[in-house]
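Structure data follow from data38.txt (compact mmCIF, C-alpha atoms (C1' of nucleotides)):
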```
# COMPACT_ATOMS: atom_id res chain seq x y z
CA MET A 1 0.00 0.00 0.00
CA ASN A 2 1.42 3.31 -1.07
CA SER A 3 0.42 6.11 1.21
CA GLU A 4 2.07 8.97 -0.63
CA VAL A 5 -0.21 11.54 -2.19
CA ILE A 6 1.04 14.07 -4.70
CA ILE A 7 -0.95 17.27 -4.61
CA ILE A 8 -0.81 19.68 -7.54
CA SER A 9 -2.48 23.04 -7.18
CA GLY A 10 -2.23 26.60 -8.40
CA PRO A 11 -4.40 29.27 -9.96
CA THR A 12 -6.81 28.61 -12.78
CA ALA A 13 -5.37 28.23 -16.29
CA ALA A 14 -1.87 27.50 -15.02
CA GLY A 15 -1.78 24.06 -16.61
CA LYS A 16 -2.45 21.86 -13.60
CA SER A 17 -4.56 19.27 -15.40
CA GLN A 18 -1.99 18.68 -18.10
CA LYS A 19 0.76 18.37 -15.56
CA ALA A 20 -1.25 15.90 -13.51
CA LEU A 21 -2.14 13.88 -16.56
CA SER A 22 1.40 13.47 -17.79
CA LEU A 23 2.71 12.74 -14.32
CA ALA A 24 -0.02 10.18 -13.75
CA LYS A 25 0.93 8.32 -16.91
CA GLU A 26 4.55 8.45 -15.95
CA ILE A 27 4.14 6.96 -12.50
CA ASP A 28 0.95 4.94 -13.06
CA ALA A 29 -1.19 7.02 -10.75
CA GLU A 30 -4.89 7.86 -10.64
CA ILE A 31 -6.17 11.38 -10.28
CA ILE A 32 -8.48 12.84 -7.67
CA SER A 33 -9.79 16.19 -8.83
CA CYS A 34 -10.03 19.03 -6.35
CA ASP A 35 -12.33 21.33 -8.24
CA SER A 36 -15.63 22.60 -6.92
CA ILE A 37 -17.14 23.00 -10.40
CA GLN A 38 -15.83 19.97 -12.26
CA VAL A 39 -17.78 17.80 -9.84
CA TYR A 40 -20.92 18.76 -11.77
CA ARG A 41 -22.10 16.90 -14.82
CA ASN A 42 -22.63 18.88 -18.00
CA MET A 43 -20.43 21.73 -16.83
CA ASP A 44 -17.67 20.77 -19.19
CA ILE A 45 -16.51 23.68 -21.31
CA GLY A 46 -16.79 26.44 -18.72
CA SER A 47 -15.05 24.47 -16.00
CA ALA A 48 -12.20 23.51 -18.32
CA LYS A 49 -12.83 19.88 -17.54
CA PRO A 50 -10.40 17.35 -19.02
CA SER A 51 -11.63 15.93 -22.33
CA GLN A 52 -13.43 12.64 -22.59
CA ALA A 53 -10.29 11.08 -24.03
CA GLU A 54 -8.17 12.37 -21.18
CA LEU A 55 -10.64 11.10 -18.64
CA LEU A 56 -10.31 7.66 -20.17
CA GLU A 57 -6.56 7.77 -20.45
CA VAL A 58 -6.10 8.06 -16.70
CA PRO A 59 -8.83 7.29 -14.17
CA HIS A 60 -10.16 10.54 -12.71
CA HIS A 61 -12.19 10.72 -9.53
CA LEU A 62 -14.46 13.49 -8.27
CA ILE A 63 -15.36 14.63 -11.76
CA ASN A 64 -18.99 14.35 -12.90
CA VAL A 65 -20.26 13.12 -9.57
CA CYS A 66 -23.19 15.49 -9.07
CA ASP A 67 -26.05 16.91 -11.13
CA ALA A 68 -25.69 20.61 -11.82
CA ASN A 69 -28.99 21.49 -10.19
CA ILE A 70 -27.95 19.98 -6.88
CA GLN A 71 -25.52 21.68 -4.60
CA PHE A 72 -22.28 19.98 -3.69
CA ASN A 73 -20.10 21.08 -0.78
CA VAL A 74 -16.85 20.34 1.06
CA GLY A 75 -18.51 17.78 3.25
CA ASP A 76 -19.55 15.83 0.18
CA TYR A 77 -16.10 16.30 -1.26
CA ILE A 78 -14.44 14.73 1.75
CA LEU A 79 -16.74 11.72 1.65
CA TYR A 80 -16.16 11.06 -2.03
CA ALA A 81 -12.45 11.78 -1.89
CA LYS A 82 -11.83 9.44 1.02
CA LYS A 83 -13.59 6.69 -0.82
CA ALA A 84 -11.63 7.36 -3.99
CA LEU A 85 -8.36 7.42 -2.10
CA LYS A 86 -9.11 4.05 -0.54
CA GLU A 87 -9.98 2.53 -3.91
CA ILE A 88 -6.79 3.75 -5.49
CA GLN A 89 -4.68 2.53 -2.63
CA LYS A 90 -6.39 -0.85 -2.76
CA LYS A 91 -5.26 -1.13 -6.37
CA GLY A 92 -1.75 -0.36 -5.22
CA LYS A 93 -1.58 2.71 -7.41
CA ARG A 94 -0.35 6.15 -6.55
CA THR A 95 -2.61 9.15 -6.06
CA ILE A 96 -2.39 12.60 -7.57
CA VAL A 97 -4.73 15.29 -6.30
CA VAL A 98 -5.18 18.21 -8.70
CA GLY A 99 -7.24 21.35 -8.53
CA GLY A 100 -7.45 24.95 -7.54
CA SER A 101 -10.41 24.97 -5.18
CA GLY A 102 -8.70 26.22 -2.07
CA PHE A 103 -11.23 25.21 0.53
CA TYR A 104 -11.53 21.69 -0.85
CA LEU A 105 -7.78 21.50 -1.12
CA LYS A 106 -7.43 22.44 2.50
CA ALA A 107 -9.25 19.26 3.45
CA TRP A 108 -6.14 17.36 2.35
CA PHE A 109 -4.15 19.14 5.05
CA SER A 110 -6.44 19.87 7.96
CA ALA A 111 -9.98 19.76 9.27
CA VAL A 112 -12.37 22.01 7.39
CA THR A 113 -15.62 20.78 8.89
CA ASP A 114 -16.64 19.58 12.31
CA GLU A 115 -18.71 16.56 13.13
CA ILE A 116 -21.71 18.27 14.59
CA GLU A 117 -24.94 16.91 13.23
CA ILE A 118 -27.60 19.54 12.77
CA PRO A 119 -30.98 17.97 13.63
CA SER A 120 -33.68 18.75 11.11
CA ASN A 121 -35.83 20.57 13.65
CA ILE A 122 -32.98 23.03 14.26
CA LYS A 123 -32.49 23.43 10.54
CA THR A 124 -36.12 24.34 10.03
CA GLU A 125 -36.09 26.65 13.03
CA VAL A 126 -33.07 28.51 11.68
CA GLU A 127 -34.64 28.51 8.26
CA LYS A 128 -37.59 30.34 9.76
CA LEU A 129 -35.33 32.87 11.47
CA ALA A 130 -33.58 33.43 8.18
CA GLN A 131 -36.76 34.79 6.63
CA LYS A 132 -36.43 38.08 8.44
CA GLU A 133 -33.43 40.27 8.23
CA ASN A 134 -31.09 40.43 11.21
CA VAL A 135 -33.16 37.99 13.24
CA MET A 136 -30.54 35.28 12.84
CA LEU A 137 -27.84 37.61 14.01
CA ALA A 138 -29.89 38.72 16.99
CA LYS A 139 -30.48 35.13 17.97
CA LEU A 140 -26.80 34.31 17.53
CA LEU A 141 -25.73 37.18 19.77
CA GLU A 142 -28.34 36.21 22.31
CA LEU A 143 -26.98 32.66 22.54
CA ASP A 144 -23.35 33.74 22.31
CA PRO A 145 -22.66 37.41 23.11
CA ASN A 146 -19.03 36.91 22.12
CA ALA A 147 -19.82 35.61 18.66
CA ALA A 148 -18.31 38.64 16.97
CA LYS A 149 -14.91 37.71 18.36
CA ILE A 150 -14.96 34.36 16.62
CA ILE A 151 -16.77 34.85 13.33
CA ASP A 152 -17.36 37.70 10.94
CA ILE A 153 -20.88 38.68 11.90
CA GLN A 154 -21.07 41.03 8.94
CA ASN A 155 -20.95 38.07 6.62
CA PRO A 156 -24.40 36.44 6.36
CA ARG A 157 -22.81 33.25 5.10
CA ARG A 158 -21.09 32.77 8.44
CA ILE A 159 -24.01 33.51 10.71
CA ARG A 160 -26.31 30.70 9.77
CA PRO A 161 -23.93 27.76 10.19
CA ALA A 162 -22.61 29.28 13.40
CA LEU A 163 -26.10 29.57 14.82
CA GLU A 164 -27.00 26.03 13.80
CA ARG A 165 -23.90 24.69 15.49
CA ILE A 166 -24.51 26.57 18.70
CA MET A 167 -28.06 25.34 18.86
CA ALA A 168 -27.15 21.77 18.03
CA SER A 169 -24.23 21.50 20.44
CA GLY A 170 -25.15 23.84 23.25
CA LEU A 171 -21.59 25.17 23.10
CA SER A 172 -20.32 28.68 22.52
CA LEU A 173 -18.44 29.54 19.36
CA SER A 174 -15.14 29.75 21.16
CA GLU A 175 -15.69 26.32 22.66
CA LEU A 176 -16.60 24.99 19.24
CA LYS A 177 -13.52 26.58 17.78
CA ASN A 178 -11.32 24.97 20.38
CA LYS A 179 -12.70 21.54 19.67
CA PHE A 180 -12.45 22.16 15.95
CA SER A 181 -8.81 23.11 16.09
CA SER A 182 -7.86 19.75 17.53
CA LEU A 183 -9.58 17.74 14.80
CA PRO A 184 -7.32 15.72 12.53
CA CYS A 185 -7.07 15.93 8.76
CA PRO A 186 -10.21 14.23 7.43
CA MET A 187 -8.40 12.41 4.64
CA GLY A 188 -6.20 10.56 7.08
CA ASP A 189 -2.51 10.54 7.67
CA PHE A 190 -0.18 10.07 4.74
CA GLN A 191 2.88 11.55 3.20
CA LYS A 192 2.18 14.56 1.01
CA THR A 193 4.15 16.08 -1.80
CA PHE A 194 2.85 19.51 -2.74
CA ILE A 195 3.50 20.97 -6.15
CA MET A 196 2.53 24.56 -6.89
CA GLN A 197 1.82 25.04 -10.56
CA ASP A 198 1.85 28.75 -11.37
CA LEU A 199 3.03 31.02 -14.15
CA GLN A 200 4.27 34.58 -14.36
CA ASP A 201 1.51 37.15 -14.61
CA PRO A 202 1.62 38.27 -18.20
CA GLU A 203 1.76 34.68 -19.38
CA LEU A 204 -0.95 33.35 -17.10
CA PHE A 205 -3.34 36.18 -17.93
CA GLU A 206 -2.70 35.63 -21.62
CA ARG A 207 -3.46 31.95 -21.25
CA ALA A 208 -6.63 32.74 -19.34
CA LYS A 209 -7.74 35.12 -22.08
CA HIS A 210 -7.14 32.59 -24.82
CA ARG A 211 -8.86 29.89 -22.86
CA ILE A 212 -11.98 32.01 -22.44
CA ASP A 213 -12.19 32.74 -26.16
CA LYS A 214 -11.69 29.06 -26.82
CA MET A 215 -14.50 28.19 -24.42
CA LEU A 216 -16.83 30.58 -26.23
CA ALA A 217 -15.81 29.12 -29.58
CA GLN A 218 -16.40 25.61 -28.28
CA GLY A 219 -19.96 26.47 -27.32
CA LEU A 220 -20.02 27.80 -23.79
CA ILE A 221 -23.25 29.64 -24.54
CA ALA A 222 -25.01 26.54 -25.82
CA GLU A 223 -23.73 24.55 -22.86
CA THR A 224 -25.07 27.20 -20.49
CA ARG A 225 -28.46 27.19 -22.22
CA LYS A 226 -28.66 23.48 -21.66
CA LEU A 227 -27.68 23.89 -18.02
CA LEU A 228 -30.43 26.45 -17.57
CA GLU A 229 -32.88 23.85 -18.83
CA LEU A 230 -31.41 21.38 -16.38
CA GLY A 231 -32.13 23.82 -13.55
CA ILE A 232 -28.65 25.07 -12.77
CA GLU A 233 -30.15 28.18 -11.21
CA ARG A 234 -31.44 26.10 -8.35
CA ASN A 235 -27.80 25.52 -7.49
CA ALA A 236 -26.34 28.77 -6.23
CA SER A 237 -22.75 27.66 -6.37
CA ALA A 238 -22.86 26.17 -9.86
CA SER A 239 -24.75 29.10 -11.34
CA SER A 240 -22.33 31.60 -9.88
CA ALA A 241 -19.27 29.85 -11.26
CA ILE A 242 -17.11 32.14 -13.36
CA GLY A 243 -17.88 31.76 -17.03
CA TYR A 244 -21.37 30.50 -16.33
CA ARG A 245 -22.72 33.40 -14.31
CA GLU A 246 -21.67 35.94 -16.92
CA THR A 247 -23.09 33.76 -19.68
CA ILE A 248 -26.36 33.32 -17.82
CA SER A 249 -26.81 37.05 -17.47
CA ALA A 250 -25.84 37.59 -21.11
CA ILE A 251 -28.45 35.06 -22.19
CA LYS A 252 -31.04 36.80 -20.05
CA SER A 253 -30.24 40.30 -21.23
CA GLY A 254 -29.57 39.25 -24.79
CA ASN A 255 -26.37 41.26 -24.75
CA PHE A 256 -23.31 39.18 -25.51
CA GLU A 257 -21.07 42.08 -26.44
CA ASN A 258 -18.84 42.17 -23.38
CA LEU A 259 -19.15 38.55 -22.40
CA SER A 260 -15.56 37.60 -23.02
CA GLU A 261 -14.27 40.69 -21.22
CA GLU A 262 -16.54 40.12 -18.25
CA ILE A 263 -15.42 36.54 -17.87
CA TYR A 264 -11.81 37.59 -18.22
CA LYS A 265 -12.17 40.26 -15.56
CA ASN A 266 -13.63 37.80 -13.08
CA THR A 267 -11.07 35.16 -13.99
CA VAL A 268 -8.25 37.54 -13.17
CA ALA A 269 -9.92 38.26 -9.84
CA LEU A 270 -10.18 34.54 -9.21
CA ILE A 271 -6.49 34.01 -9.93
CA LYS A 272 -5.59 36.68 -7.41
CA LYS A 273 -7.96 35.27 -4.85
CA GLN A 274 -6.59 31.78 -5.29
CA ARG A 275 -3.04 32.97 -4.81
CA LYS A 276 -4.05 34.76 -1.64
CA PHE A 277 -5.69 31.63 -0.32
CA PHE A 278 -2.61 29.55 -1.05
CA LYS A 279 -0.45 32.16 0.62
CA ASN A 280 -2.56 32.93 3.68
CA ALA A 281 -5.04 30.19 4.41
CA LEU A 282 -4.20 26.83 2.91
CA PHE A 283 -1.72 25.73 5.53
CA LYS A 284 -3.12 27.74 8.37
CA THR A 285 -4.63 25.69 11.14
CA SER A 286 -7.06 27.83 13.01
C1' G B 1 -21.31 76.57 -40.17
C1' G B 2 -26.07 75.79 -36.94
C1' C B 3 -28.71 72.88 -33.14
C1' U B 4 -28.59 69.26 -29.14
C1' G B 5 -26.48 66.02 -25.61
C1' G B 6 -21.74 64.74 -23.14
C1' G B 7 -16.70 66.23 -20.96
C1' U B 8 -16.41 64.63 -12.66
C1' A B 9 -11.22 58.99 -9.28
C1' G B 10 -7.60 54.07 -13.85
C1' C B 11 -12.94 52.71 -16.28
C1' U B 12 -18.61 53.44 -16.33
C1' C B 13 -21.21 57.04 -14.33
C1' A B 14 -24.33 59.84 -9.65
C1' G B 15 -24.25 64.58 -7.98
C1' U B 16 -31.53 67.15 -5.48
C1' U B 17 -33.34 74.39 -5.48
C1' G B 18 -25.08 77.17 -5.86
C1' G B 19 -22.06 75.84 0.36
C1' U B 20 -14.80 73.20 -2.41
C1' A B 21 -17.63 65.85 -4.45
C1' G B 22 -19.59 60.18 -4.27
C1' A B 23 -21.14 54.86 -6.09
C1' G B 24 -20.05 50.44 -8.86
C1' C B 25 -15.98 48.16 -11.26
C1' A B 26 -10.72 47.87 -11.41
C1' G B 27 -6.21 48.25 -8.01
C1' A B 28 -4.05 47.13 -2.89
C1' G B 29 -4.54 44.51 1.78
C1' G B 30 -7.24 41.11 5.02
C1' A B 31 -10.81 37.17 6.62
C1' C B 32 -12.48 32.08 5.85
C1' U B 33 -16.10 25.07 9.87
C1' G B 34 -20.43 22.45 5.11
C1' A B 35 -22.41 27.88 -1.55
C1' A B 36 -15.54 28.45 -1.42
C1' A B 37 -14.96 29.90 -9.20
C1' A B 38 -18.95 31.67 -3.13
C1' U B 39 -19.23 35.36 0.73
C1' C B 40 -17.49 39.31 3.94
C1' C B 41 -14.23 43.43 5.78
C1' U B 42 -10.57 47.63 5.12
C1' U B 43 -8.65 51.18 1.56
C1' G B 44 -10.89 56.97 -2.85
C1' U B 45 -7.48 64.78 -2.46
C1' G B 46 -9.53 63.91 -7.95
C1' U B 47 -6.37 71.07 -11.99
C1' C B 48 -15.17 68.35 -11.25
C1' G B 49 -12.37 70.03 -20.03
C1' G B 50 -9.84 75.36 -20.15
C1' C B 51 -10.01 80.68 -19.22
C1' G B 52 -12.78 84.63 -17.53
C1' G B 53 -17.32 86.56 -14.98
C1' U B 54 -21.58 86.77 -11.25
C1' U B 55 -21.56 85.50 -5.83
C1' C B 56 -19.57 85.73 0.92
C1' A B 57 -19.52 80.82 -1.71
C1' A B 58 -19.85 77.33 -8.29
C1' A B 59 -19.03 70.71 -10.67
C1' C B 60 -23.67 73.19 -10.47
C1' C B 61 -25.46 80.27 -12.97
C1' C B 62 -23.33 83.58 -17.39
C1' G B 63 -19.66 84.33 -21.57
C1' C B 64 -15.84 82.64 -24.67
C1' C B 65 -12.81 78.62 -26.11
C1' C B 66 -11.27 73.32 -26.62
C1' U B 67 -13.16 68.42 -27.30
C1' U B 68 -16.68 64.35 -28.31
C1' A B 69 -21.41 61.96 -30.05
C1' G B 70 -25.67 62.71 -32.86
C1' C B 71 -28.89 65.73 -35.88
C1' C B 72 -29.57 69.80 -39.51
C1' A B 73 -27.30 72.40 -43.38
```

Go ahead and render the structure in this file as structure tokens.
Amino acid sequence: MNSEVIIISGPTAAGKSQKALSLAKEIDAEIISCDSIQVYRNMDIGSAKPSQAELLEVPHHLINVCDANIQFNVGDYILYAKKALKEIQKKGKRTIVVGGSGFYLKAWFSAVTDEIEIPSNIKTEVEKLAQKENVMLAKLLELDPNAAKIIDIQNPRRIRPALERIMASGLSLSELKNKFSSLPCPMGDFQKTFIMQDLQDPELFERAKHRIDKMLAQGLIAETRKLLELGIERNASASSAIGYRETISAIKSGNFENLSEEIYKNTVALIKKQRKFFKNALFKTS
RNA sequence: GGCUGGGUAGCUCAGUUGGUAGAGCAGAGGACUGAAAAUCCUUGUGUCGGCGGUUCAAACCCGCCCUUAGCCA
């Protein structure tokens, strides 16, 4: 059993997939994707998914595992990835993890979720509170007056899970944080080799630009139309993926004039955000 | 040549009845326990096209000029 895992990451368009593919062939490895959009079926062009041929050349895991209208999250990722890792190891093959989704990637190094189960009655109760503005926050501060010291209470995305966890566990956020910080890496213990695949700015931005124009030429708009029919808008994360969200709004407004530029602008922002995450958060254990 | 809109932060533009200017985007930095290609926070002195004039006070009023888009000749 080979317990080494090679992890390749870096910003979008830096050539991670190609690198992983050639390395996998070289050392007879299988690939576990670490991409929050490539998990969805039918999101092929816009997520720069490996081609059908490439997917057959080397076994890829965590690609096409979820319908685009259903939301996937890190918790799901961990479950699937652990299973894939076990399968690969059982075959006696080596594992390459590739992708630029920082939060998912972090799961290969440290805990990113706790084990608190949120009972459905608490979920529905919080759901009710969420209807009215600021009620969730008020409730959170009532149950834990020090909440603002632990989470960003100005970020609505943080309030809800925090409240659910407090209600489900009866603990304060600082107690929860303490417990959380001692949790082990969910993927298990194994030797890791981390490879950062990045390029110099002018070159990477150029590549990103070309890739976007290629995506449009390959039919990104048609792909997005199909995804709309499949109900992608019911999935907030899939429908706000770069490339798709701009295309969706272009389809709705009927104005495709600045589509390429819009996608490019947001792609550049993504590249910068990814680099920041790698620099500041990936290896940080809170 | 005449008429009519524009000319305000790197870009797109707001600026109510005159009191020396803001938003979004971009840029920079930061956060991050289940949407993470998401979300949130911090960060804006710029000859308000130019020159004159009116006024205690003008991006806002008046004149001339420059420039740009469209229309009419």

Check which residues of chain A sit at most 7 Å from chain B using all atoms listed in the file, and return one row each with the closest pair of atoms and their distance in Å to one decimal, ordered by chain and rising number, as CSV.
```
residue,atom,partner,partner_atom,distance
A:Asn73,CA,B:G34,C1',6.1
A:Val74,CA,B:G34,C1',5.8
A:Gly75,CA,B:G34,C1',5.4
A:Phe103,CA,B:A36,C1',5.7
A:Val112,CA,B:U33,C1',5.4
A:Thr113,CA,B:U33,C1',4.4
A:Asp114,CA,B:U33,C1',6.0
A:Gln154,CA,B:C40,C1',6.4
A:Asn155,CA,B:C40,C1',4.5
A:Arg157,CA,B:U39,C1',6.0
A:Ala236,CA,B:A35,C1',6.2
A:Ser237,CA,B:A35,C1',4.8
A:Ala241,CA,B:A37,C1',4.8
A:Ile242,CA,B:A37,C1',5.2
A:Leu270,CA,B:A37,C1',6.7
```

Dump C-alpha atoms for the selected residues as a PDB file, in the coordinates of the input?
```
ATOM      1  CA  ASN A  73     -20.100  21.080  -0.780  1.00  0.00           C
ATOM      2  CA  VAL A  74     -16.850  20.340   1.060  1.00  0.00           C
ATOM      3  CA  GLY A  75     -18.510  17.780   3.250  1.00  0.00           C
ATOM      4  CA  PHE A 103     -11.230  25.210   0.530  1.00  0.00           C
ATOM      5  CA  VAL A 112     -12.370  22.010   7.390  1.00  0.00           C
ATOM      6  CA  THR A 113     -15.620  20.780   8.890  1.00  0.00           C
ATOM      7  CA  ASP A 114     -16.640  19.580  12.310  1.00  0.00           C
ATOM      8  CA  GLN A 154     -21.070  41.030   8.940  1.00  0.00           C
ATOM      9  CA  ASN A 155     -20.950  38.070   6.620  1.00  0.00           C
ATOM     10  CA  ARG A 157     -22.810  33.250   5.100  1.00  0.00           C
ATOM     11  CA  ALA A 236     -26.340  28.770  -6.230  1.00  0.00           C
ATOM     12  CA  SER A 237     -22.750  27.660  -6.370  1.00  0.00           C
ATOM     13  CA  ALA A 241     -19.270  29.850 -11.260  1.00  0.00           C
ATOM     14  CA  ILE A 242     -17.110  32.140 -13.360  1.00  0.00           C
ATOM     15  CA  LEU A 270     -10.180  34.540  -9.210  1.00  0.00           C
TER      16      LEU A 270
END
```

Set the distance at 10 Å and use all atoms listed in the file: which residues neighbour Lys106 (chain A) once local chain neighbours fewer than 2 positions away are removed? I'd like the list as a ChimeraX atom specification.
/A:34,74,101-104,108-112,185-186,277-278,281-285

Around (-15.9, 55.9, -11.1), as given in the file, which residues come within 12 Å? Count only C-alpha atoms (C1' of nucleotides) and list them as number ranges by chain.
B: 8-14, 22-26, 44, 46

What separation in Å, quoted to one decimal, exists between C1' of G7 (chain B) and CA of Phe256 (chain A)?
28.2 Å

Quick one, how far is CA of Lys192 (chain A) from CA of Val5 (chain A)?
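Distance between the two atoms: 5.0 Å.
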
Have a look at A:Gln89, A:Thr224, A:Ser47, A:Gln191 and name the one nearest to Ala250 (chain A); count only C-alpha atoms.
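Of A:Gln89, A:Thr224, A:Ser47, A:Gln191, the one nearest Ala250 (chain A), counting only C-alpha atoms, is A:Thr224.
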
Figure out the distance between CA of Ile37 (chain A) and CA of Lys252 (chain A), please, to one decimal in Å.
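Computed distance, CA of Lys252 (chain A) to CA of Ile37 (chain A), equals 21.8 Å.
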
Which one is closest to Ser239 (chain A): A:Asn255, A:Gln197, A:Asn69, A:Gln38? Count all atoms listed in the file.
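Closest residue, counting all atoms listed in the file: A:Asn69.
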
Write out as JSON an axis-aligned box for region 219-224 of chain A: all of its atoms listed in the file, 3 Å added on each side, centre and edge lengths in Å with one decimal.
```
{"center_x": -22.5, "center_y": 27.1, "center_z": -23.9, "size_x": 11.1, "size_y": 11.1, "size_z": 12.8}
```

Counting only C-alpha atoms (C1' of nucleotides), which residues come within 12 Å of (-20.7, 28.5, -25.7), with the point read in the file's coordinates, and could you list them as a PyMOL selection string?
chain A and resi 43-47+212-227+243-244+246-248+250-251+256+259-260

Find the residues around Val97 (chain A) up to 8 Å (all atoms listed in the file counted), leave out those fewer than 3 positions away in its own chain, and share them as a ChimeraX atom specification.
/A:5-8,31-34

Would you mind exporting C-alpha atoms of the selected residues as an mmCIF file, in the coordinates of the input?
```cif
data_model
loop_
_atom_site.group_PDB
_atom_site.id
_atom_site.type_symbol
_atom_site.label_atom_id
_atom_site.label_comp_id
_atom_site.auth_asym_id
_atom_site.auth_seq_id
_atom_site.Cartn_x
_atom_site.Cartn_y
_atom_site.Cartn_z
ATOM 1 C CA VAL A 5 -0.210 11.540 -2.190
ATOM 2 C CA ILE A 6 1.040 14.070 -4.700
ATOM 3 C CA ILE A 7 -0.950 17.270 -4.610
ATOM 4 C CA ILE A 8 -0.810 19.680 -7.540
ATOM 5 C CA ILE A 31 -6.170 11.380 -10.280
ATOM 6 C CA ILE A 32 -8.480 12.840 -7.670
ATOM 7 C CA SER A 33 -9.790 16.190 -8.830
ATOM 8 C CA CYS A 34 -10.030 19.030 -6.350
#
```

Find the spatial neighbours of G63 (chain B), counting all atoms listed in the file, within a cut-off of 12 Å - ignore same-chain residues fewer than 2 positions away - and output them as a PyMOL selection string.
chain B and resi 51-54+61+65

If you count all atoms listed in the file, the residue of A:Ser249, A:Lys90, A:Gly254, A:Gly188 closest to Leu228 (chain A) turns out to be A:Ser249
